[in-house]
Amino acid sequence: MMKYRINIKIDEKKNLANSSAELLAFIVENDKNGDKVNEISNKLNILLTPTQKKILIDEGKLTVLKPVNKPEIINLIYVKRDRKFRNDFFRNNLAKYIAERNSIYNELFIALPNYQDFTNFFESESYFYQTFIEGIYYGNYEFDKYKSEAREKKPLNLILGADESSLSNKVLAKIIESTTHLMDALDFARDLQNEPANVITPETFCLAVKSKCSHANIKVTVWDENDLKRKKLNGILAVGGGSINSPRLLKMQYSPKSVNSKHIVIVGKGITFDTGGISIKPAADMWEMKGDMAGASIAASILVAAERINLPIKLTALIPLAENMPSGSAFRPGDIITTASGKTVEIDNTDAEGRIILVDALHLATIEKPDLIIDIATLTGAITVALGLYAAGIFSTNEDYAKKLYTSGIKTYEYVWQMPLWDEYDKLIKSEVADLTNLSGRLGGAIKAAKFLQHFVDENIPWIHVDIAGPSSPHDLTNYTKKYMTGYGHRLLVDFLSQIS
């Protein structure tokens with residue numbers, strides 16, 4: 001499949017009907033007598049036969065038609081606004097269309113539908129059009145750098161016809177620009193997640209982030225193994241102790257021009273490969289554990305996007321990075337670790353390593369005294385048992401923030417569901433020989449992991465834990481999540497931060 005170097009602009013002359021290039025249009029259901037089909041046929045100056053019109057309405061999906069009076073390719077998608085309609089419709093369909101497109105034309109006109117037909121499904125006209133841009137970039141994503149026959153991307157000029165929009169061309173151009181920045185940062189996160197573990201190690205992860213931020217207003221600091229020892233970040237050191245690729249902690253800081261902005265700290269789990277350590281995982285599908293640093297990549301990509309779109313909120317990312325490998329120097333079941341906070345942890349299972357590196361970073365986050373701490377991690381298989389692959393589990397000490405994050409999940413189609421943090425679960429993570437144990441049986445695994453983390457967050461600081469173990473992996477919810485690591489959580493959290501800034 002050929003991918004593209006994309007250039008998107010607005011059709012300022014509003015001349016779609018006179019275009020000689022490939023064209024994509026959406027026909028919004030009005031009634032069954034074809035009035036809407038006739039309306040758009042007239043608008044685009046195309047003649048369709050009665051049979052073509054009937055096929056279009058009956059199929060309700062992408063239909064490629066050859067108009068009677070034009071030589072061009074006309075792609076029409078019929079939109080039904082029924083109870084099954086989701087605000088992901090245009091993102092999802094454009095992603096599929098761009099991904100599967102194989103055309104001789106290097107120019108594509110897209111006739112955008114009227115927002116007034118969809119006011120019940122989108123919070124604003126701006127976001128309505130944003131979903132189209134997101135779909136284009138989702139469809140254009142491909143991770144093929146290691147294919148020996150991979151071809152260079154050819155240019156594709158996309159011209160958007162928005163003559164029915166109430167927004168000015170200047171505003172629409174701004175939407176294109178900001179969404180392009182958002183999706184470029186997402187592609188960066190997905191590239192990190194899809195890279196093999198022999199390429200992305202704790203050290204090379206840091207180098208990739210530093211390179212991405214080299215011309216940005218983002219301060220990047222890397223703590224190596226000696227720094228970790230001086231700071232007594234023994235959880236990170238323990239988990240990374242079995243690997244020849246020594247652990248790191250990456251700190252990113254973004255400060256907007258507004259001095260009175262909130263300060264949010266984002267902690268992202270960065271296990272660059274997880275064998276399970278001494279408590280080794282089964283061989284089947286272990287290769288997927290190259291993506292166990294999905295939370296780390298999303299923490300980094302959020303700051304990249306925030307800086308580029310000038311998000312008015314102060315952000316700090318704390319990203320602990322380690323490779324969990326079995327060796328003579330690896331940590332063992334039964335070991336007791338004194339974490340950076342001073343609390344001690346008995347290791348029951350070395351495959352519950354994510355929470356061990358997170359607690360050191362959460363302690364550092366607490367020291368920052370921010371307005372909110374968010375941690376994002378592929379933390380437990382238990383959350384996928386509870387929620388499947390389509391949603392993340394969230395645990396929060398602040399109901400207002402939890403509700404806002406849920407709303408962002410509905411808006412971005414990156415679903416979340418709140419799980420309990422009941423104190424009764426604390427007794428399940430107590431150790432007889434240390435303050436806490438890192439694992440204790442199979443039941444309620446996601447809740448126990450969240451309760452474990454909660455012990456390392458100041459109770460006076462609002463905190464949200466986002467367990468993305470399910471939706472970060474490929475799944476069939478949408479056309480754009482079926483292949484490659486998904487980058488789940490990036491759009492969700494950027495939107496959430498925009499709402500609370």
# chains A, B, ... in the order shown; residues from 1 in each chain; ligands from 1
>>> residues_around(residues="range 481-489 of chain A", least_positions_apart="5", cutoff="9 Å", atoms="only C-alpha atoms", output="PyMOL selection string")
chain A and resi 138+142-143+186-187+189-191+193-194+291+294-295+297-298+376+392+409+414+466+468+471-476+494
>>> residues_around(residues="range 243-255 of chain A", least_positions_apart="3", cutoff="7 Å", atoms="only C-alpha atoms", output="PyMOL selection string")
chain A and resi 201-203+206+217-225+236-237+240+303+307+314-325
>>> select_by_dssp(residues="range 183-296 of chain A", states="strand (DSSP E)", output="PDB file with N, CA and C atoms, in the first residue's frame")
ATOM      1  N   ILE A 218      10.850  22.560  25.306  1.00  0.00           N
ATOM      2  CA  ILE A 218      10.709  21.471  26.276  1.00  0.00           C
ATOM      3  C   ILE A 218      12.095  21.147  26.828  1.00  0.00           C
ATOM      4  N   LYS A 219      12.227  21.207  28.144  1.00  0.00           N
ATOM      5  CA  LYS A 219      13.491  20.847  28.781  1.00  0.00           C
ATOM      6  C   LYS A 219      13.506  19.345  29.023  1.00  0.00           C
ATOM      7  N   VAL A 220      14.561  18.686  28.562  1.00  0.00           N
ATOM      8  CA  VAL A 220      14.678  17.235  28.702  1.00  0.00           C
ATOM      9  C   VAL A 220      15.897  16.912  29.547  1.00  0.00           C
ATOM     10  N   THR A 221      15.678  16.146  30.626  1.00  0.00           N
ATOM     11  CA  THR A 221      16.763  15.742  31.521  1.00  0.00           C
ATOM     12  C   THR A 221      16.760  14.222  31.635  1.00  0.00           C
ATOM     13  N   VAL A 222      17.933  13.619  31.558  1.00  0.00           N
ATOM     14  CA  VAL A 222      18.045  12.163  31.649  1.00  0.00           C
ATOM     15  C   VAL A 222      18.900  11.800  32.853  1.00  0.00           C
ATOM     16  N   TRP A 223      18.373  10.935  33.704  1.00  0.00           N
ATOM     17  CA  TRP A 223      19.131  10.406  34.834  1.00  0.00           C
ATOM     18  C   TRP A 223      19.615   9.002  34.472  1.00  0.00           C
ATOM     19  N   ARG A 248      16.955   4.062  33.117  1.00  0.00           N
ATOM     20  CA  ARG A 248      17.030   5.524  33.050  1.00  0.00           C
ATOM     21  C   ARG A 248      15.757   6.104  33.671  1.00  0.00           C
ATOM     22  N   LEU A 249      15.829   7.389  33.990  1.00  0.00           N
ATOM     23  CA  LEU A 249      14.616   8.159  34.257  1.00  0.00           C
ATOM     24  C   LEU A 249      14.684   9.409  33.390  1.00  0.00           C
ATOM     25  N   LEU A 250      13.641   9.622  32.609  1.00  0.00           N
ATOM     26  CA  LEU A 250      13.556  10.762  31.695  1.00  0.00           C
ATOM     27  C   LEU A 250      12.573  11.775  32.263  1.00  0.00           C
ATOM     28  N   LYS A 251      13.026  13.032  32.347  1.00  0.00           N
ATOM     29  CA  LYS A 251      12.153  14.103  32.821  1.00  0.00           C
ATOM     30  C   LYS A 251      11.988  15.129  31.711  1.00  0.00           C
ATOM     31  N   MET A 252      10.734  15.458  31.410  1.00  0.00           N
ATOM     32  CA  MET A 252      10.420  16.468  30.404  1.00  0.00           C
ATOM     33  C   MET A 252       9.620  17.575  31.076  1.00  0.00           C
ATOM     34  N   GLN A 253       9.923  18.829  30.729  1.00  0.00           N
ATOM     35  CA  GLN A 253       9.226  19.962  31.339  1.00  0.00           C
ATOM     36  C   GLN A 253       8.796  20.950  30.256  1.00  0.00           C
ATOM     37  N   TYR A 254       7.510  21.247  30.257  1.00  0.00           N
ATOM     38  CA  TYR A 254       6.953  22.239  29.338  1.00  0.00           C
ATOM     39  C   TYR A 254       6.242  23.309  30.153  1.00  0.00           C
ATOM     40  N   HIS A 263      -0.349  23.062  37.129  1.00  0.00           N
ATOM     41  CA  HIS A 263       0.800  22.187  36.901  1.00  0.00           C
ATOM     42  C   HIS A 263       0.348  20.743  37.024  1.00  0.00           C
ATOM     43  N   ILE A 264       0.511  19.990  35.941  1.00  0.00           N
ATOM     44  CA  ILE A 264       0.133  18.579  35.910  1.00  0.00           C
ATOM     45  C   ILE A 264       1.389  17.748  35.692  1.00  0.00           C
ATOM     46  N   VAL A 265       1.547  16.691  36.477  1.00  0.00           N
ATOM     47  CA  VAL A 265       2.655  15.757  36.272  1.00  0.00           C
ATOM     48  C   VAL A 265       2.101  14.470  35.684  1.00  0.00           C
ATOM     49  N   ILE A 266       2.736  14.020  34.592  1.00  0.00           N
ATOM     50  CA  ILE A 266       2.330  12.776  33.925  1.00  0.00           C
ATOM     51  C   ILE A 266       3.451  11.759  34.088  1.00  0.00           C
ATOM     52  N   VAL A 267       3.118  10.614  34.639  1.00  0.00           N
ATOM     53  CA  VAL A 267       4.076   9.528  34.823  1.00  0.00           C
ATOM     54  C   VAL A 267       3.728   8.423  33.839  1.00  0.00           C
ATOM     55  N   GLY A 268       4.722   7.995  33.050  1.00  0.00           N
ATOM     56  CA  GLY A 268       4.465   6.955  32.052  1.00  0.00           C
ATOM     57  C   GLY A 268       5.353   5.744  32.252  1.00  0.00           C
ATOM     58  N   GLY A 270       7.656   2.806  31.495  1.00  0.00           N
ATOM     59  CA  GLY A 270       8.539   2.553  30.373  1.00  0.00           C
ATOM     60  C   GLY A 270       9.337   1.269  30.489  1.00  0.00           C
ATOM     61  N   ILE A 271       8.669   0.139  30.408  1.00  0.00           N
ATOM     62  CA  ILE A 271       9.377  -1.138  30.327  1.00  0.00           C
ATOM     63  C   ILE A 271       9.622  -1.420  28.848  1.00  0.00           C
ATOM     64  N   THR A 272      10.865  -1.253  28.407  1.00  0.00           N
ATOM     65  CA  THR A 272      11.138  -1.339  26.973  1.00  0.00           C
ATOM     66  C   THR A 272      11.049  -2.768  26.444  1.00  0.00           C
ATOM     67  N   PHE A 273      11.213  -3.743  27.309  1.00  0.00           N
ATOM     68  CA  PHE A 273      10.837  -5.129  26.994  1.00  0.00           C
ATOM     69  C   PHE A 273      10.626  -5.861  28.299  1.00  0.00           C
ATOM     70  N   ASP A 274       9.570  -6.672  28.321  1.00  0.00           N
ATOM     71  CA  ASP A 274       9.204  -7.360  29.554  1.00  0.00           C
ATOM     72  C   ASP A 274       9.151  -8.859  29.329  1.00  0.00           C
TER      73      ASP A 274
END
>>> residues_around(residues="Ile336 in chain A", least_positions_apart="4", cutoff="7 Å", atoms="only C-alpha atoms", output="compact mmCIF listing (two decimals) with C-alpha atoms, in the first residue's frame")
# COMPACT_ATOMS: atom_id res chain seq x y z
CA THR A 344 9.48 -1.22 51.49
CA VAL A 345 8.10 -3.72 48.99
CA GLU A 346 8.35 -7.50 49.04
CA ILE A 347 8.63 -8.96 45.55
>>> atom_distance(atom1="CA of Asp467 in chain A", atom2="CA of Thr380 in chain A")
7.1 Å
>>> closest_residue(among="A:Arg355, A:Lys54, A:Lys154, A:Lys170", to="Ser103 in chain A", atoms="only C-alpha atoms")
A:Lys154
>>> closest_residue(among="A:Leu492, A:Ile176, A:Leu156, A:Val79", to="Ile104 in chain A", atoms="only C-alpha atoms")
A:Leu156
>>> residues_around(residues="Gly276 in chain A", least_positions_apart="3", cutoff="7 Å", atoms="only C-alpha atoms", output="MDAnalysis selection string")
chainID A and resid 279:281 324:325 350:351
>>> write_last_selection(atoms="N, CA and C atoms", output="short mmCIF file (atom, residue, chain, number, x, y, z; two decimals), in the first residue's frame")
data_model
loop_
_atom_site.label_atom_id
_atom_site.label_comp_id
_atom_site.auth_asym_id
_atom_site.auth_seq_id
_atom_site.Cartn_x
_atom_site.Cartn_y
_atom_site.Cartn_z
N SER A 279 10.36 -14.53 37.07
CA SER A 279 9.00 -15.10 36.93
C SER A 279 8.60 -14.98 35.46
N ILE A 280 9.29 -15.74 34.62
CA ILE A 280 9.26 -15.50 33.18
C ILE A 280 7.89 -15.78 32.55
N LYS A 281 7.58 -15.01 31.55
CA LYS A 281 6.30 -15.15 30.85
C LYS A 281 6.33 -16.37 29.91
N ASN A 324 13.11 -5.54 31.67
CA ASN A 324 12.94 -6.58 32.68
C ASN A 324 13.42 -7.91 32.13
N MET A 325 14.65 -8.29 32.48
CA MET A 325 15.28 -9.49 31.93
C MET A 325 15.72 -10.42 33.06
N THR A 350 8.21 -11.19 39.86
CA THR A 350 8.97 -10.19 39.12
C THR A 350 8.27 -9.75 37.83
N ASP A 351 7.18 -10.42 37.49
CA ASP A 351 6.40 -10.00 36.32
C ASP A 351 5.37 -8.93 36.68
#
>>> residues_around(residues="Lys96 in chain A", least_positions_apart="5", cutoff="9 Å", atoms="only C-alpha atoms", output="compact mmCIF listing (two decimals) with C-alpha atoms, in the first residue's frame")
# COMPACT_ATOMS: atom_id res chain seq x y z
CA ARG A 91 -12.36 9.51 11.43
CA ARG A 101 -6.44 4.18 -1.54
CA GLY A 135 -8.79 10.11 10.06
CA ILE A 136 -6.52 11.18 7.22
CA TYR A 138 -4.55 7.57 10.93
CA GLY A 139 -5.04 6.12 7.46
CA ASN A 479 -10.26 0.51 11.11
CA TYR A 480 -7.26 2.39 12.46
>>> select_by_dssp(residues="range 78-249 of chain A", states="alpha helix (DSSP H)", output="ChimeraX atom specification")
/A:89-100,125-140,169-194,202-212,225-230,234-240
>>> closest_residue(among="A:Ser408, A:Asn42, A:Gln418, A:Ser498", to="Phe122 in chain A", atoms="only C-alpha atoms")
A:Ser408
>>> closest_atom_pairs(of="range 277-343 of chain A", to="range 437-450 of chain A", cutoff="12 Å", atoms="only C-alpha atoms", output="JSON lines")
{"residue": "A:Ser279", "atom": "CA", "partner": "A:Leu439", "partner_atom": "CA", "distance": 11.9}
{"residue": "A:Pro333", "atom": "CA", "partner": "A:Asn438", "partner_atom": "CA", "distance": 9.9}
{"residue": "A:Gly334", "atom": "CA", "partner": "A:Thr437", "partner_atom": "CA", "distance": 9.5}
{"residue": "A:Asp335", "atom": "CA", "partner": "A:Thr437", "partner_atom": "CA", "distance": 10.2}
{"residue": "A:Ile336", "atom": "CA", "partner": "A:Thr437", "partner_atom": "CA", "distance": 9.0}
{"residue": "A:Ile337", "atom": "CA", "partner": "A:Thr437", "partner_atom": "CA", "distance": 10.1}
{"residue": "A:Thr338", "atom": "CA", "partner": "A:Thr437", "partner_atom": "CA", "distance": 11.9}
{"residue": "A:Lys343", "atom": "CA", "partner": "A:Thr437", "partner_atom": "CA", "distance": 10.9}
>>> write_last_selection(atoms="C-alpha atoms", output="mmCIF file, in the first residue's frame")
data_model
loop_
_atom_site.group_PDB
_atom_site.id
_atom_site.type_symbol
_atom_site.label_atom_id
_atom_site.label_comp_id
_atom_site.auth_asym_id
_atom_site.auth_seq_id
_atom_site.Cartn_x
_atom_site.Cartn_y
_atom_site.Cartn_z
ATOM 1 C CA SER A 279 9.003 -15.103 36.935
ATOM 2 C CA PRO A 333 10.822 -13.276 44.163
ATOM 3 C CA GLY A 334 11.264 -12.751 47.892
ATOM 4 C CA ASP A 335 13.534 -9.722 47.539
ATOM 5 C CA ILE A 336 12.669 -6.645 49.596
ATOM 6 C CA ILE A 337 13.212 -3.244 47.986
ATOM 7 C CA THR A 338 13.335 0.084 49.777
ATOM 8 C CA LYS A 343 8.384 2.393 51.882
#
>>> closest_residue(among="A:Ile8, A:Ala361, A:Ala330, A:Leu497", to="Ser261 in chain A", atoms="only C-alpha atoms")
A:Leu497
>>> closest_residue(among="A:Trp422, A:Asp375, A:Ala386, A:Asn234", to="Ala299 in chain A", atoms="only C-alpha atoms")
A:Asp375
>>> atom_distance(atom1="CA of Glu195 in chain A", atom2="CA of Lys145 in chain A")
9.5 Å
>>> closest_atom_pairs(of="range 411-438 of chain A", to="range 399-402 of chain A", cutoff="12 Å", atoms="only C-alpha atoms", output="JSON lines")
{"residue": "A:Val416", "atom": "CA", "partner": "A:Ala402", "partner_atom": "CA", "distance": 9.5}
{"residue": "A:Trp417", "atom": "CA", "partner": "A:Ala402", "partner_atom": "CA", "distance": 9.2}
{"residue": "A:Gln418", "atom": "CA", "partner": "A:Ala402", "partner_atom": "CA", "distance": 7.3}
{"residue": "A:Met419", "atom": "CA", "partner": "A:Ala402", "partner_atom": "CA", "distance": 10.2}
{"residue": "A:Pro420", "atom": "CA", "partner": "A:Glu399", "partner_atom": "CA", "distance": 11.3}
{"residue": "A:Leu421", "atom": "CA", "partner": "A:Glu399", "partner_atom": "CA", "distance": 11.6}
>>> write_last_selection(atoms="N, CA and C atoms", output="mmCIF file, in the first residue's frame")
data_model
loop_
_atom_site.group_PDB
_atom_site.id
_atom_site.type_symbol
_atom_site.label_atom_id
_atom_site.label_comp_id
_atom_site.auth_asym_id
_atom_site.auth_seq_id
_atom_site.Cartn_x
_atom_site.Cartn_y
_atom_site.Cartn_z
ATOM 1 N N VAL A 416 -12.887 5.161 28.432
ATOM 2 C CA VAL A 416 -12.382 4.809 29.758
ATOM 3 C C VAL A 416 -13.572 4.403 30.628
ATOM 4 N N TRP A 417 -13.275 3.637 31.647
ATOM 5 C CA TRP A 417 -14.302 3.242 32.616
ATOM 6 C C TRP A 417 -13.696 3.271 34.004
ATOM 7 N N GLN A 418 -14.385 3.946 34.914
ATOM 8 C CA GLN A 418 -13.838 4.111 36.258
ATOM 9 C C GLN A 418 -14.010 2.845 37.085
ATOM 10 N N MET A 419 -12.923 2.467 37.733
ATOM 11 C CA MET A 419 -12.893 1.303 38.611
ATOM 12 C C MET A 419 -12.757 1.778 40.065
ATOM 13 N N PRO A 420 -13.085 0.923 41.030
ATOM 14 C CA PRO A 420 -13.078 1.369 42.439
ATOM 15 C C PRO A 420 -11.691 1.402 43.063
ATOM 16 N N LEU A 421 -11.563 2.251 44.066
ATOM 17 C CA LEU A 421 -10.365 2.325 44.905
ATOM 18 C C LEU A 421 -10.752 2.096 46.368
#
>>> atom_distance(atom1="CA of Leu477 in chain A", atom2="CA of Trp463 in chain A")
28.4 Å
>>> closest_residue(among="A:Ser124, A:Thr366, A:Asn140, A:Asn106", to="Pro155 in chain A", atoms="only C-alpha atoms")
A:Asn106
>>> decode(residues="range 132-213 of chain A", atoms="C-alpha atoms", output="tab-separated table (two decimals), in the first residue's frame")
chain	number	residue	atom	x	y	z
A	132	PHE	CA	-11.68	14.31	9.44
A	133	ILE	CA	-8.05	15.42	9.72
A	134	GLU	CA	-7.37	12.78	12.35
A	135	GLY	CA	-8.79	10.11	10.06
A	136	ILE	CA	-6.52	11.18	7.22
A	137	TYR	CA	-3.42	10.84	9.38
A	138	TYR	CA	-4.55	7.57	10.93
A	139	GLY	CA	-5.04	6.12	7.46
A	140	ASN	CA	-1.62	7.31	6.38
A	141	TYR	CA	0.28	5.72	9.28
A	142	GLU	CA	2.48	2.77	8.43
A	143	PHE	CA	5.45	1.23	10.19
A	144	ASP	CA	7.48	-0.28	7.35
A	145	LYS	CA	10.99	1.09	7.90
A	146	TYR	CA	12.46	-2.40	8.21
A	147	LYS	CA	10.99	-3.71	4.97
A	148	SER	CA	13.75	-3.92	2.38
A	149	GLU	CA	11.34	-3.06	-0.43
A	150	ALA	CA	9.59	-0.18	1.30
A	151	ARG	CA	9.04	2.69	-1.10
A	152	GLU	CA	9.32	6.38	-0.50
A	153	LYS	CA	6.10	8.20	0.20
A	154	LYS	CA	4.72	10.11	-2.74
A	155	PRO	CA	3.04	13.50	-2.27
A	156	LEU	CA	-0.72	13.72	-1.86
A	157	ASN	CA	-2.47	17.07	-1.95
A	158	LEU	CA	-5.78	17.01	-0.13
A	159	ILE	CA	-8.18	19.85	-0.78
A	160	LEU	CA	-11.08	20.16	1.62
A	161	GLY	CA	-14.32	21.63	0.38
A	162	ALA	CA	-16.12	23.19	3.34
A	163	ASP	CA	-18.45	25.59	1.58
A	164	GLU	CA	-21.25	24.68	4.01
A	165	SER	CA	-19.14	25.48	7.08
A	166	SER	CA	-19.89	28.54	9.22
A	167	LEU	CA	-16.17	28.75	10.08
A	168	SER	CA	-13.84	31.04	8.18
A	169	ASN	CA	-11.05	29.61	6.06
A	170	LYS	CA	-8.60	31.05	8.58
A	171	VAL	CA	-10.21	29.09	11.41
A	172	LEU	CA	-10.35	25.92	9.33
A	173	ALA	CA	-6.67	26.32	8.46
A	174	LYS	CA	-5.91	26.62	12.18
A	175	ILE	CA	-7.81	23.39	12.84
A	176	ILE	CA	-5.75	21.65	10.16
A	177	GLU	CA	-2.51	23.00	11.65
A	178	SER	CA	-3.25	22.06	15.27
A	179	THR	CA	-4.58	18.61	14.34
A	180	THR	CA	-1.51	17.97	12.21
A	181	HIS	CA	0.67	18.73	15.26
A	182	LEU	CA	-1.52	16.46	17.42
A	183	MET	CA	-1.24	13.56	14.99
A	184	ASP	CA	2.47	14.04	14.31
A	185	ALA	CA	3.08	13.63	18.05
A	186	LEU	CA	0.84	10.55	18.04
A	187	ASP	CA	2.83	9.04	15.16
A	188	PHE	CA	5.99	9.63	17.22
A	189	ALA	CA	4.49	7.65	20.11
A	190	ARG	CA	3.35	4.84	17.82
A	191	ASP	CA	6.77	4.62	16.19
A	192	LEU	CA	8.37	4.20	19.62
A	193	GLN	CA	5.84	1.50	20.52
A	194	ASN	CA	6.27	-0.39	17.25
A	195	GLU	CA	10.09	-0.35	17.26
A	196	PRO	CA	11.66	-3.67	18.28
A	197	ALA	CA	13.28	-3.92	21.70
A	198	ASN	CA	16.76	-4.34	20.20
A	199	VAL	CA	16.33	-0.77	18.92
A	200	ILE	CA	14.39	0.92	21.73
A	201	THR	CA	16.20	0.48	25.02
A	202	PRO	CA	16.01	2.84	28.01
A	203	GLU	CA	18.96	4.80	26.58
A	204	THR	CA	17.73	5.00	22.95
A	205	PHE	CA	14.23	5.94	24.10
A	206	CYS	CA	15.75	8.97	25.80
A	207	LEU	CA	17.81	9.80	22.71
A	208	ALA	CA	14.70	9.63	20.52
A	209	VAL	CA	12.81	12.01	22.81
A	210	LYS	CA	15.73	14.43	23.01
A	211	SER	CA	15.95	14.47	19.22
A	212	LYS	CA	12.21	15.08	18.86
A	213	CYS	CA	12.39	17.97	21.34
